[in-house]
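Have a look at the structure below before the remarks.
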Amino acid sequence: MNQSPLLILPDLSQEEYQHLTPARAGWEFLHFGARHMQSGSRWEFDSGEHELALVVLGGACSVQSTLGGWGRIGRRPDVFQGMPYCLYLPRRTRFTLEALEQGVDVAYAWCPANEDHPAHLVTPDEVEIEIRGGGNATRQINRMLPPGFDCQRLVAVEVFTPSGNWSSYPPHKHDVHRVDAGGALLEADLEEVYFYQIDKPEGYAYQRVYSADGRLDELILVRHRQLVLVPYGYHPVVAAPGYTVYYLNFLAGSAQSLASSDDPQYASVKSTWSEKDPRLPLVSMAMEE
């Protein structure tokens with residue numbers, strides 16, 4: 001199988017093992033990075049004319065910035081053992097992140113901004129859990145920078161898909177900006193990344209990215225720490241039986257929104273869902289007590 005141009009493999013020889021630019025992705029707004037840092041390692045960055053959000057995948061860090069400091073961010077060992085911390089920083093912010101104790105694994109995204117919004121550390125107790133879908137298409141959404149968050153463009157959520165389940169289903173898209181006659185947003189034009197974590201090293205998922213006109217139709221085998229780009233089109237996911245699949249979504253585009261439209265071929269599946277998968281939620285505040 002040839003590698004899809006939408007699949008970005010990690011370079012595990014580097015501290016920053018994922019690094020995506022708009023030029024590489026072929027889109028306008030969204031940058032993405034992920035790095036694993038040993039205890040005491042530091043990373044310095046300036047957001048420039050961008051807003052930025054950083055999610056602690058595992059471990060803990062401190063951040064000192066031109067807008068203040070946060071002495072400890074993070075506590076879960078990995079994404080499967082607790083709720084997230086997410087730090088939002090506005091444009092024109094310089095910061096230094098230092099890994100604490102056992103090190104830290106972080107993922108972050110940034111995009112152009114021309115507005116000023118307050119820095120904010122989203123703590124685990126602020127993260128809203130949504131159990132979405134039904135039957136074998138039930139999944140858990142942790143909403144960190146949801147629509148309505150005080151920022152300009154960025155949206156950030158993490159999604160847990162139990163063994164054998166489908167996710168991002170029925171297939172949906174968000175690649176045109178549409179409003180109704182009253183001006184209400186029906187669909188936003190959004191660039192999106194799916195950054196995967198899988199609970200066992202041999203585990204995997206499949207993601208399809210396709211458009212109704214057939215110009216785009218990619219079926220992608222995805223493994224731990226790999227990144228899938230969604231420039232446009234529908235993009236469902238399925239987790240291999242025996243493995244819990246996590247993905248971190250960052251989005252940016254025409255609105256700070258998740259407004260989307262379902263593929264009409266498959267939208268009727270929603271009417272068949274009578275119950276939620278009882279395995280969910282997979283992570284919660286209760287598991288950390």
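Labeling convention for the structure tokens: chains A, B, ... as they appear, residues from 1 per chain, ligands from 1 in order of appearance.
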Practice task
Please give the complete set of residues from range 118-235 of chain A that DSSP, run on the backbone, assigns to strand (DSSP E), formatted as an NGL selection string.
Solution key: :A and (120-122 or 128-132 or 139-145 or 155-161 or 166-167 or 172-173 or 175-179 or 185-198 or 205-210 or 217-222 or 227-230)
Exercise for the section: Within 7 Å of range 155-170 of chain A, counting only C-alpha atoms, which residues show up once you throw out same-chain ones fewer than 3 positions away? Write them as a PyMOL selection string, please. Expected result: chain A and resi 136-147+235-252+256+262-263+266-267
Put those residues in a file: C-alpha atoms, as a PDB file, in the first residue's frame.
```pdb
ATOM      1  CA  ASN A 136     -20.742   0.761  17.882  1.00  0.00           C
ATOM      2  CA  ALA A 137     -20.279   4.387  16.816  1.00  0.00           C
ATOM      3  CA  THR A 138     -20.159   5.720  20.398  1.00  0.00           C
ATOM      4  CA  ARG A 139     -17.096   7.742  21.399  1.00  0.00           C
ATOM      5  CA  GLN A 140     -15.970  10.174  24.092  1.00  0.00           C
ATOM      6  CA  ILE A 141     -15.211  13.821  23.305  1.00  0.00           C
ATOM      7  CA  ASN A 142     -13.162  15.921  25.739  1.00  0.00           C
ATOM      8  CA  ARG A 143     -13.892  19.543  24.873  1.00  0.00           C
ATOM      9  CA  MET A 144     -10.870  21.747  25.714  1.00  0.00           C
ATOM     10  CA  LEU A 145     -11.226  24.712  23.337  1.00  0.00           C
ATOM     11  CA  PRO A 146     -14.800  24.148  22.160  1.00  0.00           C
ATOM     12  CA  PRO A 147     -16.892  26.499  20.027  1.00  0.00           C
ATOM     13  CA  HIS A 235     -13.344  11.718   7.342  1.00  0.00           C
ATOM     14  CA  PRO A 236     -14.622   8.733   9.417  1.00  0.00           C
ATOM     15  CA  VAL A 237     -12.404   6.552  11.659  1.00  0.00           C
ATOM     16  CA  VAL A 238     -12.582   2.966  12.914  1.00  0.00           C
ATOM     17  CA  ALA A 239     -10.540   1.453  15.768  1.00  0.00           C
ATOM     18  CA  ALA A 240      -9.132  -2.047  15.356  1.00  0.00           C
ATOM     19  CA  PRO A 241     -10.717  -4.559  17.758  1.00  0.00           C
ATOM     20  CA  GLY A 242      -8.590  -4.960  20.868  1.00  0.00           C
ATOM     21  CA  TYR A 243      -7.230  -1.393  20.872  1.00  0.00           C
ATOM     22  CA  THR A 244      -8.384   1.917  22.291  1.00  0.00           C
ATOM     23  CA  VAL A 245      -7.754   4.750  19.844  1.00  0.00           C
ATOM     24  CA  TYR A 246      -7.230   8.369  20.871  1.00  0.00           C
ATOM     25  CA  TYR A 247      -6.935  11.309  18.550  1.00  0.00           C
ATOM     26  CA  LEU A 248      -6.365  14.972  19.221  1.00  0.00           C
ATOM     27  CA  ASN A 249      -8.188  17.336  16.862  1.00  0.00           C
ATOM     28  CA  PHE A 250      -7.044  20.871  16.233  1.00  0.00           C
ATOM     29  CA  LEU A 251      -9.085  22.937  13.782  1.00  0.00           C
ATOM     30  CA  ALA A 252      -8.875  26.460  12.376  1.00  0.00           C
ATOM     31  CA  GLN A 256     -14.357  29.298  15.761  1.00  0.00           C
ATOM     32  CA  ASP A 262     -23.134  14.710   7.423  1.00  0.00           C
ATOM     33  CA  ASP A 263     -22.727  12.607   4.299  1.00  0.00           C
ATOM     34  CA  TYR A 266     -24.978   7.531   5.779  1.00  0.00           C
ATOM     35  CA  ALA A 267     -26.762  10.099   7.972  1.00  0.00           C
TER      36      ALA A 267
END
```
Problem - Counting only C-alpha atoms, the residue of A:Asp11, A:Leu89, A:Gly58, A:Gly68 that sits nearest Phe45 in chain A - result: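 Between A:Asp11, A:Leu89, A:Gly58, A:Gly68, the residue approaching Phe45 in chain A most closely is A:Leu89.
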Handout entry: Nearest residue to Leu12 in chain A from the set A:Val104, A:His50, A:Gln226, A:Val283 (distances using only C-alpha atoms)
Key =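 Closest candidate: A:Gln226.
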Give one line per residue of range 156-200 of chain A that approaches range 31-42 of chain A to at most 12 Å, naming the two atoms of the closest pair and their distance in Å to one decimal, counting only C-alpha atoms; sort by chain then ascending residue number and deliver it as JSON lines.
```
{"residue": "A:Ala156", "atom": "CA", "partner": "A:Phe32", "partner_atom": "CA", "distance": 11.8}
{"residue": "A:Glu191", "atom": "CA", "partner": "A:His31", "partner_atom": "CA", "distance": 10.0}
{"residue": "A:Glu192", "atom": "CA", "partner": "A:His31", "partner_atom": "CA", "distance": 10.0}
{"residue": "A:Val193", "atom": "CA", "partner": "A:Phe32", "partner_atom": "CA", "distance": 8.0}
{"residue": "A:Tyr194", "atom": "CA", "partner": "A:Phe32", "partner_atom": "CA", "distance": 10.3}
{"residue": "A:Phe195", "atom": "CA", "partner": "A:Ala34", "partner_atom": "CA", "distance": 9.1}
{"residue": "A:Tyr196", "atom": "CA", "partner": "A:Ala34", "partner_atom": "CA", "distance": 11.1}
{"residue": "A:Gln197", "atom": "CA", "partner": "A:Ala34", "partner_atom": "CA", "distance": 11.8}
```
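With distances restricted to only C-alpha atoms, A:Lys200 is the closest residue to His224 in chain A from A:Arg208, A:Lys200, A:Lys173, A:Arg94.
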Practice task
Determine, counting only C-alpha atoms, which protein, DNA and RNA residues have an atom within 6 Å of an atom of Leu7 in chain A; residues of the same chain fewer than 2 positions away are not included. Present the result as an MDAnalysis selection string.
Solution key: chainID A and resid 4:5 227:228
May I have the selected residues written with C-alpha atoms, as a tab-separated table (two decimals), in the first residue's frame?
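What ended up in result.tsv:
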```
chain	number	residue	atom	x	y	z
A	4	SER	CA	-1.16	8.56	1.60
A	5	PRO	CA	-0.03	12.17	1.16
A	227	LEU	CA	-0.83	12.55	12.00
A	228	VAL	CA	-3.63	12.66	9.41
```
Handout entry: Two-atom distance - CA of Cys61 in chain A, CA of Val222 in chain A (Å)
Key =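 Pair CA of Cys61 in chain A / CA of Val222 in chain A returns 28.1 Å.
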Practice task
Would you list, as a list in words, the residues of range 9-96 of chain A that end up in helix (DSSP H, G or I) under DSSP run on this structure's backbone?
Solution key: Pro22, Ala23, Arg24, Ala25, Val79, Phe80 and Gln81 of chain A
